[in-house]
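Asks: Contents of entry_5.cif (mmCIF, C-alpha atoms) are given next:
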```cif
data_input
loop_
_atom_site.group_PDB
_atom_site.id
_atom_site.type_symbol
_atom_site.label_atom_id
_atom_site.label_comp_id
_atom_site.auth_asym_id
_atom_site.auth_seq_id
_atom_site.Cartn_x
_atom_site.Cartn_y
_atom_site.Cartn_z
ATOM 1 C CA MET G 70 0.000 0.000 0.000
ATOM 2 C CA ALA G 71 1.212 3.485 -0.785
ATOM 3 C CA TYR G 72 -0.158 4.794 2.467
ATOM 4 C CA GLY G 73 2.144 3.198 4.992
ATOM 5 C CA GLY G 74 3.025 4.635 8.359
ATOM 6 C CA TYR G 75 5.838 7.041 9.017
ATOM 7 C CA GLU G 76 9.308 5.787 9.584
ATOM 8 C CA ALA G 77 10.467 5.958 13.151
ATOM 9 C CA SER G 78 13.535 7.955 12.123
ATOM 10 C CA GLY G 79 11.324 10.885 11.298
ATOM 11 C CA ALA G 80 12.119 10.541 7.605
ATOM 12 C CA VAL G 81 8.572 10.759 6.420
ATOM 13 C CA ALA G 82 7.507 8.586 3.529
ATOM 14 C CA ALA G 83 6.026 10.657 0.720
ATOM 15 C CA ARG G 84 2.333 10.305 1.259
ATOM 16 C CA ARG G 85 -0.572 12.092 -0.264
ATOM 17 C CA HIS G 86 -3.909 12.429 1.377
ATOM 18 C CA ARG G 87 -6.951 11.697 -0.651
ATOM 19 C CA ALA G 88 -8.442 15.127 -0.091
ATOM 20 C CA ILE G 89 -12.019 15.563 -1.236
ATOM 21 C CA LYS G 90 -13.271 19.111 -1.652
ATOM 22 C CA ILE G 91 -16.959 19.783 -1.162
ATOM 23 C CA LEU G 92 -18.351 23.254 -1.634
ATOM 24 C CA LEU G 93 -21.217 24.683 0.331
ATOM 25 C CA ALA G 94 -22.906 27.631 -1.314
ATOM 26 C CA GLY G 95 -25.772 29.742 -0.177
ATOM 27 C CA GLY G 96 -26.853 33.228 0.699
ATOM 28 C CA PHE G 97 -25.928 35.105 3.842
ATOM 29 C CA GLY G 98 -27.564 33.681 6.967
ATOM 30 C CA VAL G 99 -28.796 30.501 5.306
ATOM 31 C CA GLY G 100 -26.976 28.243 7.779
ATOM 32 C CA LYS G 101 -23.677 27.367 6.082
ATOM 33 C CA THR G 102 -21.607 27.845 9.225
ATOM 34 C CA THR G 103 -24.148 25.888 11.256
ATOM 35 C CA LEU G 104 -24.120 22.981 8.827
ATOM 36 C CA VAL G 105 -20.329 22.807 8.625
ATOM 37 C CA GLY G 106 -20.148 22.928 12.426
ATOM 38 C CA ALA G 107 -22.802 20.219 12.825
ATOM 39 C CA VAL G 108 -20.914 17.594 10.853
ATOM 40 C CA SER G 109 -17.248 18.504 11.110
ATOM 41 C CA GLU G 110 -14.616 20.093 13.203
ATOM 42 C CA ILE G 111 -15.052 23.690 12.103
ATOM 43 C CA ARG G 112 -11.770 25.529 11.844
ATOM 44 C CA PRO G 113 -10.602 29.047 11.167
ATOM 45 C CA LEU G 114 -9.595 29.790 7.610
ATOM 46 C CA ARG G 115 -9.024 33.172 6.085
ATOM 47 C CA THR G 116 -8.385 34.117 2.549
ATOM 48 C CA GLU G 117 -7.990 37.384 0.735
ATOM 49 C CA GLU G 118 -10.302 39.502 -1.257
ATOM 50 C CA PRO G 119 -8.730 41.842 -3.769
ATOM 51 C CA LEU G 120 -10.045 45.346 -3.305
ATOM 52 C CA THR G 121 -8.923 46.764 -6.611
ATOM 53 C CA GLU G 122 -8.427 45.450 -10.080
ATOM 54 C CA SER G 123 -6.182 48.341 -11.032
ATOM 55 C CA SER G 124 -2.389 48.270 -10.994
ATOM 56 C CA LYS G 125 -2.369 44.671 -12.202
ATOM 57 C CA HIS G 126 0.767 44.190 -14.287
ATOM 58 C CA VAL G 127 1.793 47.716 -13.433
ATOM 59 C CA ASP G 128 4.866 48.245 -11.315
ATOM 60 C CA SER G 129 5.072 44.525 -10.791
ATOM 61 C CA THR G 130 8.580 43.552 -9.819
ATOM 62 C CA ALA G 131 9.414 40.088 -8.489
ATOM 63 C CA GLY G 132 5.866 39.431 -7.394
ATOM 64 C CA VAL G 133 5.525 42.675 -5.467
ATOM 65 C CA GLU G 134 2.261 44.241 -6.472
ATOM 66 C CA ARG G 135 0.212 47.175 -5.424
ATOM 67 C CA LYS G 136 -2.903 45.110 -5.182
ATOM 68 C CA THR G 137 -4.749 45.786 -1.961
ATOM 69 C CA THR G 138 -6.370 42.861 -0.253
ATOM 70 C CA THR G 139 -8.578 42.371 2.724
ATOM 71 C CA THR G 140 -9.077 39.101 4.506
ATOM 72 C CA VAL G 141 -12.344 37.178 4.413
ATOM 73 C CA ALA G 142 -13.255 34.416 6.848
ATOM 74 C CA MET G 143 -14.548 31.226 5.302
ATOM 75 C CA ASP G 144 -16.457 28.332 6.773
ATOM 76 C CA PHE G 145 -13.990 25.491 6.698
ATOM 77 C CA GLY G 146 -14.568 22.042 8.063
ATOM 78 C CA ARG G 147 -12.576 18.881 7.987
ATOM 79 C CA ILE G 148 -13.911 15.347 8.315
ATOM 80 C CA THR G 149 -11.268 12.659 8.622
ATOM 81 C CA LEU G 150 -12.892 9.498 7.316
ATOM 82 C CA ARG G 151 -9.712 7.441 7.284
ATOM 83 C CA GLU G 152 -6.150 8.361 7.977
ATOM 84 C CA ASP G 153 -5.589 9.012 4.289
ATOM 85 C CA LEU G 154 -9.120 10.047 3.269
ATOM 86 C CA VAL G 155 -10.277 13.481 4.300
ATOM 87 C CA LEU G 156 -13.324 15.527 3.340
ATOM 88 C CA TYR G 157 -12.843 19.277 3.249
ATOM 89 C CA LEU G 158 -15.959 21.416 3.408
ATOM 90 C CA PHE G 159 -15.741 24.979 2.194
ATOM 91 C CA GLY G 160 -18.543 27.424 2.654
ATOM 92 C CA THR G 161 -18.253 30.920 1.306
ATOM 93 C CA PRO G 162 -20.804 33.624 0.764
ATOM 94 C CA GLY G 163 -22.903 33.184 -2.331
ATOM 95 C CA GLN G 164 -22.746 36.763 -3.544
ATOM 96 C CA GLU G 165 -21.114 37.268 -6.881
ATOM 97 C CA ARG G 166 -18.402 39.464 -5.438
ATOM 98 C CA PHE G 167 -17.010 36.352 -3.793
ATOM 99 C CA TRP G 168 -16.749 34.355 -7.019
ATOM 100 C CA PHE G 169 -12.995 34.834 -7.089
ATOM 101 C CA MET G 170 -12.911 32.529 -4.075
ATOM 102 C CA TRP G 171 -15.202 30.000 -5.679
ATOM 103 C CA ASP G 172 -13.009 29.832 -8.750
ATOM 104 C CA GLU G 173 -10.141 28.499 -6.736
ATOM 105 C CA LEU G 174 -12.318 26.298 -4.546
ATOM 106 C CA ALA G 175 -14.070 24.831 -7.558
ATOM 107 C CA LEU G 176 -10.784 23.594 -8.991
ATOM 108 C CA GLY G 177 -10.765 19.888 -8.338
ATOM 109 C CA ALA G 178 -13.975 19.954 -6.295
ATOM 110 C CA LEU G 179 -15.948 16.733 -6.161
ATOM 111 C CA GLY G 180 -19.327 18.390 -5.802
ATOM 112 C CA ALA G 181 -21.373 21.052 -4.110
ATOM 113 C CA VAL G 182 -24.310 21.603 -1.829
ATOM 114 C CA VAL G 183 -26.499 24.622 -2.459
ATOM 115 C CA LEU G 184 -28.063 25.469 0.865
ATOM 116 C CA ALA G 185 -31.324 27.342 0.432
ATOM 117 C CA ASP G 186 -33.871 29.115 2.550
ATOM 118 C CA THR G 187 -37.352 28.919 1.025
ATOM 119 C CA ARG G 188 -38.009 32.487 2.175
ATOM 120 C CA ARG G 189 -35.191 33.682 -0.064
ATOM 121 C CA LEU G 190 -34.971 31.096 -2.812
ATOM 122 C CA ALA G 191 -33.649 33.572 -5.366
ATOM 123 C CA ASP G 192 -30.436 33.824 -3.313
ATOM 124 C CA CYS G 193 -29.346 30.458 -4.645
ATOM 125 C CA PHE G 194 -29.768 31.191 -8.361
ATOM 126 C CA PRO G 195 -26.192 32.470 -8.824
ATOM 127 C CA ALA G 196 -24.740 29.369 -7.144
ATOM 128 C CA ILE G 197 -26.880 27.012 -9.227
ATOM 129 C CA ASP G 198 -25.827 28.789 -12.424
ATOM 130 C CA TYR G 199 -22.217 28.674 -11.330
ATOM 131 C CA PHE G 200 -22.147 24.907 -10.724
ATOM 132 C CA GLU G 201 -24.196 24.130 -13.832
ATOM 133 C CA ARG G 202 -21.803 26.123 -16.026
ATOM 134 C CA ARG G 203 -18.777 24.334 -14.598
ATOM 135 C CA ASP G 204 -20.364 20.895 -14.672
ATOM 136 C CA ILE G 205 -19.857 20.396 -10.941
ATOM 137 C CA PRO G 206 -22.438 17.964 -9.554
ATOM 138 C CA PHE G 207 -24.594 19.549 -6.870
ATOM 139 C CA ILE G 208 -27.658 18.985 -4.772
ATOM 140 C CA VAL G 209 -30.004 21.471 -3.148
ATOM 141 C CA ALA G 210 -30.605 21.264 0.605
ATOM 142 C CA LEU G 211 -33.485 23.323 1.993
ATOM 143 C CA ASN G 212 -32.675 24.436 5.481
ATOM 144 C CA VAL G 213 -35.988 24.340 7.282
ATOM 145 C CA PHE G 214 -36.270 27.331 9.561
ATOM 146 C CA GLU G 215 -38.883 27.552 12.242
ATOM 147 C CA GLY G 216 -41.734 29.722 11.126
ATOM 148 C CA SER G 217 -40.914 29.449 7.437
ATOM 149 C CA ARG G 218 -43.608 28.067 5.221
ATOM 150 C CA ARG G 219 -42.885 24.496 4.180
ATOM 151 C CA TYR G 220 -42.865 24.391 0.434
ATOM 152 C CA SER G 221 -42.916 20.986 -1.132
ATOM 153 C CA VAL G 222 -39.748 19.769 -2.783
ATOM 154 C CA GLU G 223 -41.580 19.800 -6.106
ATOM 155 C CA GLU G 224 -42.649 23.415 -5.677
ATOM 156 C CA VAL G 225 -39.021 24.327 -5.049
ATOM 157 C CA ARG G 226 -37.864 22.261 -8.030
ATOM 158 C CA THR G 227 -40.265 24.157 -10.268
ATOM 159 C CA ALA G 228 -39.255 27.502 -8.809
ATOM 160 C CA LEU G 229 -35.564 26.769 -9.350
ATOM 161 C CA ASP G 230 -36.132 25.064 -12.705
ATOM 162 C CA LEU G 231 -34.109 21.996 -11.715
ATOM 163 C CA ASP G 232 -33.923 18.688 -13.496
ATOM 164 C CA PRO G 233 -36.020 15.891 -11.921
ATOM 165 C CA SER G 234 -32.865 13.815 -11.348
ATOM 166 C CA LEU G 235 -31.285 16.511 -9.190
ATOM 167 C CA PRO G 236 -31.771 15.755 -5.512
ATOM 168 C CA ILE G 237 -33.509 18.357 -3.364
ATOM 169 C CA ILE G 238 -33.701 17.485 0.307
ATOM 170 C CA LEU G 239 -35.004 19.104 3.452
ATOM 171 C CA CYS G 240 -32.484 19.506 6.220
ATOM 172 C CA ASP G 241 -31.961 20.968 9.637
ATOM 173 C CA ALA G 242 -28.476 22.459 9.482
ATOM 174 C CA ARG G 243 -28.178 22.268 13.280
ATOM 175 C CA SER G 244 -28.488 18.490 13.332
ATOM 176 C CA LYS G 245 -25.478 16.285 12.807
ATOM 177 C CA GLU G 246 -27.618 13.478 11.403
ATOM 178 C CA SER G 247 -29.293 15.841 8.987
ATOM 179 C CA ALA G 248 -25.993 17.379 7.872
ATOM 180 C CA LYS G 249 -24.579 13.862 7.355
ATOM 181 C CA GLU G 250 -27.598 13.022 5.220
ATOM 182 C CA VAL G 251 -26.932 16.095 3.086
ATOM 183 C CA LEU G 252 -23.379 14.945 2.387
ATOM 184 C CA ILE G 253 -24.449 11.346 1.800
ATOM 185 C CA THR G 254 -27.058 12.553 -0.698
ATOM 186 C CA LEU G 255 -24.369 14.525 -2.538
ATOM 187 C CA ILE G 256 -21.966 11.566 -2.726
ATOM 188 C CA GLU G 257 -24.768 9.282 -3.946
ATOM 189 C CA HIS G 258 -25.608 11.899 -6.571
ATOM 190 C CA VAL G 259 -21.979 12.026 -7.717
ATOM 191 C CA LEU G 260 -22.020 8.225 -8.030
ATOM 192 C CA TYR G 261 -25.210 8.548 -10.051
ATOM 193 C CA VAL G 262 -24.107 11.285 -12.430
ATOM 194 C CA THR G 263 -20.809 9.596 -13.107
ATOM 195 C CA ASP G 264 -22.587 6.324 -13.912
ATOM 196 C CA PRO G 265 -26.288 6.698 -14.692
ATOM 197 C CA ALA G 266 -26.636 2.931 -14.969
ATOM 198 C CA VAL G 267 -26.216 2.591 -11.219
ATOM 199 C CA SER G 268 -29.530 2.387 -9.423
ATOM 200 C CA ARG G 269 -29.978 4.861 -6.643
ATOM 201 C CA MET L 208 -0.396 59.380 23.364
ATOM 202 C CA PRO L 209 -1.495 56.621 21.022
ATOM 203 C CA SER L 210 -1.689 57.539 17.399
ATOM 204 C CA ASN L 211 -5.110 57.412 15.859
ATOM 205 C CA GLU L 212 -4.210 54.109 14.230
ATOM 206 C CA ASP L 213 -3.754 52.438 17.607
ATOM 207 C CA TRP L 214 -6.623 53.560 19.721
ATOM 208 C CA TRP L 215 -9.216 51.091 18.467
ATOM 209 C CA LEU L 216 -7.025 48.004 18.796
ATOM 210 C CA ASP L 217 -8.006 45.380 21.307
ATOM 211 C CA GLU L 218 -7.738 41.582 21.364
ATOM 212 C CA GLU L 219 -10.697 41.426 18.970
ATOM 213 C CA ALA L 220 -8.642 43.172 16.349
ATOM 214 C CA GLY L 221 -6.446 40.124 15.799
ATOM 215 C CA PRO L 222 -2.756 40.301 14.948
ATOM 216 C CA VAL L 223 -1.368 43.812 14.721
ATOM 217 C CA VAL L 224 1.096 42.852 12.010
ATOM 218 C CA ARG L 225 -0.649 43.147 8.697
ATOM 219 C CA PRO L 226 -0.585 39.804 6.901
ATOM 220 C CA TYR L 227 1.462 40.909 3.925
ATOM 221 C CA GLN L 228 4.190 42.399 6.102
ATOM 222 C CA LEU L 229 5.148 38.772 6.712
ATOM 223 C CA THR L 230 5.739 38.384 3.021
ATOM 224 C CA GLN L 231 7.508 41.701 2.379
ATOM 225 C CA GLY L 232 4.483 42.913 0.518
ATOM 226 C CA ARG L 233 4.372 40.053 -1.945
ATOM 227 C CA THR L 234 0.902 38.870 -2.824
ATOM 228 C CA ARG L 235 1.902 36.084 -5.157
ATOM 229 C CA ALA L 236 3.860 32.932 -4.383
ATOM 230 C CA SER L 237 7.002 32.242 -6.359
ATOM 231 C CA GLY L 238 7.479 29.163 -8.489
ATOM 232 C CA GLU L 239 4.929 26.653 -9.683
ATOM 233 C CA ALA L 240 1.391 27.185 -8.353
ATOM 234 C CA PHE L 241 -0.037 24.612 -6.008
ATOM 235 C CA ASP L 242 -3.515 23.570 -4.970
ATOM 236 C CA MET L 243 -4.967 24.438 -1.581
ATOM 237 C CA VAL L 244 -5.258 20.740 -0.785
ATOM 238 C CA ALA L 245 -1.759 19.905 -2.048
ATOM 239 C CA THR L 246 0.293 17.999 0.526
ATOM 240 C CA VAL L 247 3.278 19.718 2.084
ATOM 241 C CA ILE L 248 6.115 17.565 3.379
ATOM 242 C CA ALA L 249 9.215 18.800 5.193
ATOM 243 C CA THR L 250 12.371 17.472 3.561
ATOM 244 C CA GLN L 251 14.454 17.544 6.770
ATOM 245 C CA ALA L 252 17.126 19.381 4.788
ATOM 246 C CA ARG L 253 19.396 21.716 6.746
ATOM 247 C CA ILE L 254 20.251 25.073 5.323
ATOM 248 C CA ALA L 255 23.381 27.045 6.076
ATOM 249 C CA ASP L 256 21.765 30.445 6.239
ATOM 250 C CA PRO L 257 18.145 30.630 7.331
ATOM 251 C CA GLY L 258 18.469 34.398 7.520
ATOM 252 C CA GLY L 259 15.794 34.972 4.892
ATOM 253 C CA LEU L 260 13.215 33.116 6.935
ATOM 254 C CA GLY L 261 10.992 34.597 9.607
ATOM 255 C CA PRO L 262 9.274 32.967 12.593
ATOM 256 C CA GLU L 263 6.159 32.336 10.507
ATOM 257 C CA HIS L 264 8.216 30.287 8.063
ATOM 258 C CA PHE L 265 9.338 28.113 10.949
ATOM 259 C CA SER L 266 5.781 27.745 12.272
ATOM 260 C CA VAL L 267 4.736 26.513 8.849
ATOM 261 C CA LEU L 268 7.752 24.242 8.537
ATOM 262 C CA HIS L 269 7.027 22.748 11.934
ATOM 263 C CA LEU L 270 3.520 21.746 10.832
ATOM 264 C CA ALA L 271 4.878 20.134 7.672
ATOM 265 C CA GLN L 272 6.955 17.618 9.651
ATOM 266 C CA ILE L 273 3.917 15.417 9.159
ATOM 267 C CA PRO L 274 2.476 15.542 5.616
ATOM 268 C CA THR L 275 -0.171 18.240 5.839
ATOM 269 C CA THR L 276 -2.340 20.022 3.319
ATOM 270 C CA VAL L 277 -1.916 23.704 2.531
ATOM 271 C CA VAL L 278 -5.349 24.607 3.945
ATOM 272 C CA ASP L 279 -4.722 22.715 7.151
ATOM 273 C CA ILE L 280 -1.492 24.634 7.633
ATOM 274 C CA ALA L 281 -3.238 27.959 6.929
ATOM 275 C CA SER L 282 -5.914 27.079 9.436
ATOM 276 C CA ASP L 283 -3.432 25.961 12.105
ATOM 277 C CA VAL L 284 -1.174 29.001 11.849
ATOM 278 C CA GLU L 285 -4.232 31.264 11.494
ATOM 279 C CA LEU L 286 -2.781 33.210 8.616
ATOM 280 C CA PRO L 287 -4.604 33.915 5.370
ATOM 281 C CA LEU L 288 -4.277 31.247 2.727
ATOM 282 C CA GLY L 289 -2.457 33.570 0.314
ATOM 283 C CA VAL L 290 0.152 34.455 2.921
ATOM 284 C CA VAL L 291 0.743 30.798 3.744
ATOM 285 C CA ARG L 292 1.157 30.043 0.052
ATOM 286 C CA ILE L 293 3.935 32.616 -0.168
ATOM 287 C CA LEU L 294 5.666 31.279 2.949
ATOM 288 C CA LEU L 295 5.439 27.729 1.555
ATOM 289 C CA ALA L 296 6.840 28.795 -1.804
ATOM 290 C CA ASP L 297 9.791 30.365 0.052
ATOM 291 C CA LEU L 298 10.373 27.159 1.996
ATOM 292 C CA ARG L 299 10.226 25.213 -1.245
ATOM 293 C CA GLU L 300 12.856 27.497 -2.780
ATOM 294 C CA PHE L 301 15.116 26.773 0.188
ATOM 295 C CA GLY L 302 14.538 23.057 -0.389
ATOM 296 C CA LEU L 303 12.932 22.692 3.029
ATOM 297 C CA VAL L 304 9.592 21.344 1.822
ATOM 298 C CA THR L 305 8.188 19.524 -1.135
ATOM 299 C CA ILE L 306 4.638 20.213 -2.241
ATOM 300 C CA GLU L 307 2.816 17.365 -3.922
ATOM 301 C CA ALA L 308 -0.207 17.915 -6.137
ATOM 302 C CA PRO L 309 -3.368 16.312 -4.790
ATOM 303 C CA ILE L 310 -4.712 13.094 -6.203
ATOM 304 C CA PRO L 311 -7.401 14.241 -8.684
ATOM 305 C CA MET L 312 -10.767 14.004 -6.969
ATOM 306 C CA LYS L 313 -13.209 15.680 -9.320
ATOM 307 C CA ALA L 314 -16.466 13.855 -9.913
ATOM 308 C CA HIS L 315 -15.334 12.357 -13.200
ATOM 309 C CA GLN L 316 -11.835 11.532 -11.974
ATOM 310 C CA VAL L 317 -12.418 9.921 -8.605
ATOM 311 C CA ASP L 318 -12.708 6.159 -8.531
ATOM 312 C CA ARG L 319 -15.992 4.681 -7.424
ATOM 313 C CA ASP L 320 -14.392 2.678 -4.644
ATOM 314 C CA THR L 321 -13.209 5.910 -3.062
ATOM 315 C CA LEU L 322 -16.734 7.322 -3.260
ATOM 316 C CA ARG L 323 -18.101 4.190 -1.624
ATOM 317 C CA GLU L 324 -15.472 4.524 1.079
ATOM 318 C CA VAL L 325 -16.628 8.101 1.629
ATOM 319 C CA LEU L 326 -20.263 6.984 1.902
ATOM 320 C CA HIS L 327 -19.322 4.273 4.342
ATOM 321 C CA GLY L 328 -17.265 6.725 6.377
ATOM 322 C CA LEU L 329 -20.036 9.325 6.474
ATOM 323 C CA ARG L 330 -22.627 6.784 7.574
ATOM 324 C CA GLY L 331 -20.353 5.758 10.407
ATOM 325 C CA LEU L 332 -19.831 9.275 11.758
#
```
Represent the structure contained in this file as structure tokens.

Replies:
Amino acid sequence: MAYGGYEASGAVAARRHRAIKILLAGGFGVGKTTLVGAVSEIRPLRTEEPLTESSKHVDSTAGVERKTTTTVAMDFGRITLREDLVLYLFGTPGQERFWFMWDELALGALGAVVLADTRRLADCFPAIDYFERRDIPFIVALNVFEGSRRYSVEEVRTALDLDPSLPIILCDARSKESAKEVLITLIEHVLYVTDPAVSR
Amino acid sequence: MPSNEDWWLDEEAGPVVRPYQLTQGRTRASGEAFDMVATVIATQARIADPGGLGPEHFSVLHLAQIPTTVVDIASDVELPLGVVRILLADLREFGLVTIEAPIPMKAHQVDRDTLREVLHGLRGL
């Protein structure tokens, strides 16, 4: 096996994790942080948001640029399934001004969860478009908030104009079991889209 | 008398050193780009003159004694991902770490056994 233990000498055998990236998209306040925290060890992760587009390629010497950046906190969770098999969950705000972050996250991503609030369904249109355009398999999880009207899954499917084969599930982002079910549904969907002959 | 840049600082403000001061203002890592889930491994090499390296480089290097992904390092040292990338690229230039590309795990690249392992693992959480 390529994934042996470390040598006692401290000379570490070259060893790559199987790192699976899952994206969690959704509007502000839809429960991304809650869901990541329910199912994984949520950890701090900051990245940078460029403030200006100007001065690109201007005055650029040895990688020193005038670009101004500000840091943005992301929802980041890690689930170690086996020593060498780790799921990384990344949640970032769904607004288009954060797409620069999605572009990097989407590289090599296995799939995505679009977390939606039925009171603000339109918030998830940009994310759905984004994943459809990049051919990244995704599912929609409706976070059921107390006091929100319970739309049927089919009503939501019609409203979002989603294919009948695309899973839409109800979830409670606070519940570990429910958050697990969301991820399981995504993985099953990836198995399905990569081999439609497999029964679900 | 504190200057007007200092008066609002408290522990909530986080580190007082601006992130890119750690990188001498560089916002882009040198050398070949690497993925955020690439694995970083310390080479155990010794260098004659570590003068170009700061304490943050050593914090990062310490974490890479065990193969660790770029994002895990960024999270552990609590520095922005872009800053950690630059520090890692420096360490790579010194020959102190190697950075290995991740095993491709996109939907159409991943093998089905791995996906089944993931399902099994998730169900057992």

Asks: For the file shown, report as a PyMOL selection string the outcome of the PyMOL selection byres ((chain G and resi 142) around 9) at residue level.

Replies: (chain G and resi 113-117+140-141+143-145+161) or (chain L and resi 287)

Asks: Compute the distance from (-25.5, 13.7, -6.4) to each atom, counting all atoms listed in the file, keep the residues with any atom at most 8 Å away, and return them as a PyMOL selection string; use the coordinates of the file.

Replies: chain G and resi 180+206-208+235-236+254-262

Asks: I would like the residues chosen by the PyMOL selection byres ((chain L) within 6 of (chain G)) on the shown file; could you give them as a PyMOL selection string?

Replies: chain L and resi 233+235+282+287-288+312-314+328

Asks: Using only C-alpha atoms, please write the residues we just selected to a file, as a PDB file, keeping the file's coordinate frame.

Replies:
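Writing the result to part_11.pdb gives the following:
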```pdb
ATOM      1  CA  ARG L 233       4.372  40.053  -1.945  1.00  0.00           C
ATOM      2  CA  ARG L 235       1.902  36.084  -5.157  1.00  0.00           C
ATOM      3  CA  SER L 282      -5.914  27.079   9.436  1.00  0.00           C
ATOM      4  CA  PRO L 287      -4.604  33.915   5.370  1.00  0.00           C
ATOM      5  CA  LEU L 288      -4.277  31.247   2.727  1.00  0.00           C
ATOM      6  CA  MET L 312     -10.767  14.004  -6.969  1.00  0.00           C
ATOM      7  CA  LYS L 313     -13.209  15.680  -9.320  1.00  0.00           C
ATOM      8  CA  ALA L 314     -16.466  13.855  -9.913  1.00  0.00           C
ATOM      9  CA  GLY L 328     -17.265   6.725   6.377  1.00  0.00           C
TER      10      GLY L 328
END
```

Asks: With all atoms listed in the file as the atoms that count, which of L:Ala245, L:Leu303, L:Val290, L:Ala240 lies nearest to Pro274 of chain L?

Replies: L:Ala245

Asks: What does the distance from atom CA of Glu224 of chain G to atom CA of Ile237 of chain G come to in Å, to one decimal?

Replies: 10.7 Å

Asks: Contacts of His264 of chain L at 12 Å or less, counting all atoms listed in the file, minus same-chain residues fewer than 4 places along, as a list in words?

Replies: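 In the requested form, the answer reads Leu229, Thr230, Ala249, Pro257, Gly258, Gly259, Leu260, Leu268, His269, Leu270, Ala271, Ile280, Ala281, Val284, Leu286, Val290, Val291, Arg292, Ile293, Leu294, Leu295, Ala296, Asp297, Leu298, Arg299, Phe301, Leu303 and Val304 of chain L.
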
Asks: With C-alpha atoms retained, write the just-selected residues as an mmCIF file, in the frame of the given file.

Replies:
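Dumped everything to result12.cif:
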```cif
data_model
loop_
_atom_site.group_PDB
_atom_site.id
_atom_site.type_symbol
_atom_site.label_atom_id
_atom_site.label_comp_id
_atom_site.auth_asym_id
_atom_site.auth_seq_id
_atom_site.Cartn_x
_atom_site.Cartn_y
_atom_site.Cartn_z
ATOM 1 C CA LEU L 229 5.148 38.772 6.712
ATOM 2 C CA THR L 230 5.739 38.384 3.021
ATOM 3 C CA ALA L 249 9.215 18.800 5.193
ATOM 4 C CA PRO L 257 18.145 30.630 7.331
ATOM 5 C CA GLY L 258 18.469 34.398 7.520
ATOM 6 C CA GLY L 259 15.794 34.972 4.892
ATOM 7 C CA LEU L 260 13.215 33.116 6.935
ATOM 8 C CA LEU L 268 7.752 24.242 8.537
ATOM 9 C CA HIS L 269 7.027 22.748 11.934
ATOM 10 C CA LEU L 270 3.520 21.746 10.832
ATOM 11 C CA ALA L 271 4.878 20.134 7.672
ATOM 12 C CA ILE L 280 -1.492 24.634 7.633
ATOM 13 C CA ALA L 281 -3.238 27.959 6.929
ATOM 14 C CA VAL L 284 -1.174 29.001 11.849
ATOM 15 C CA LEU L 286 -2.781 33.210 8.616
ATOM 16 C CA VAL L 290 0.152 34.455 2.921
ATOM 17 C CA VAL L 291 0.743 30.798 3.744
ATOM 18 C CA ARG L 292 1.157 30.043 0.052
ATOM 19 C CA ILE L 293 3.935 32.616 -0.168
ATOM 20 C CA LEU L 294 5.666 31.279 2.949
ATOM 21 C CA LEU L 295 5.439 27.729 1.555
ATOM 22 C CA ALA L 296 6.840 28.795 -1.804
ATOM 23 C CA ASP L 297 9.791 30.365 0.052
ATOM 24 C CA LEU L 298 10.373 27.159 1.996
ATOM 25 C CA ARG L 299 10.226 25.213 -1.245
ATOM 26 C CA PHE L 301 15.116 26.773 0.188
ATOM 27 C CA LEU L 303 12.932 22.692 3.029
ATOM 28 C CA VAL L 304 9.592 21.344 1.822
#
```

Asks: Would you mind reading off the distance between atom CA of Val213 of chain G and atom CA of Ala107 of chain G, one decimal, in Å?

Replies: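 Separating atom CA of Val213 of chain G from atom CA of Ala107 of chain G is a distance of 14.9 Å.
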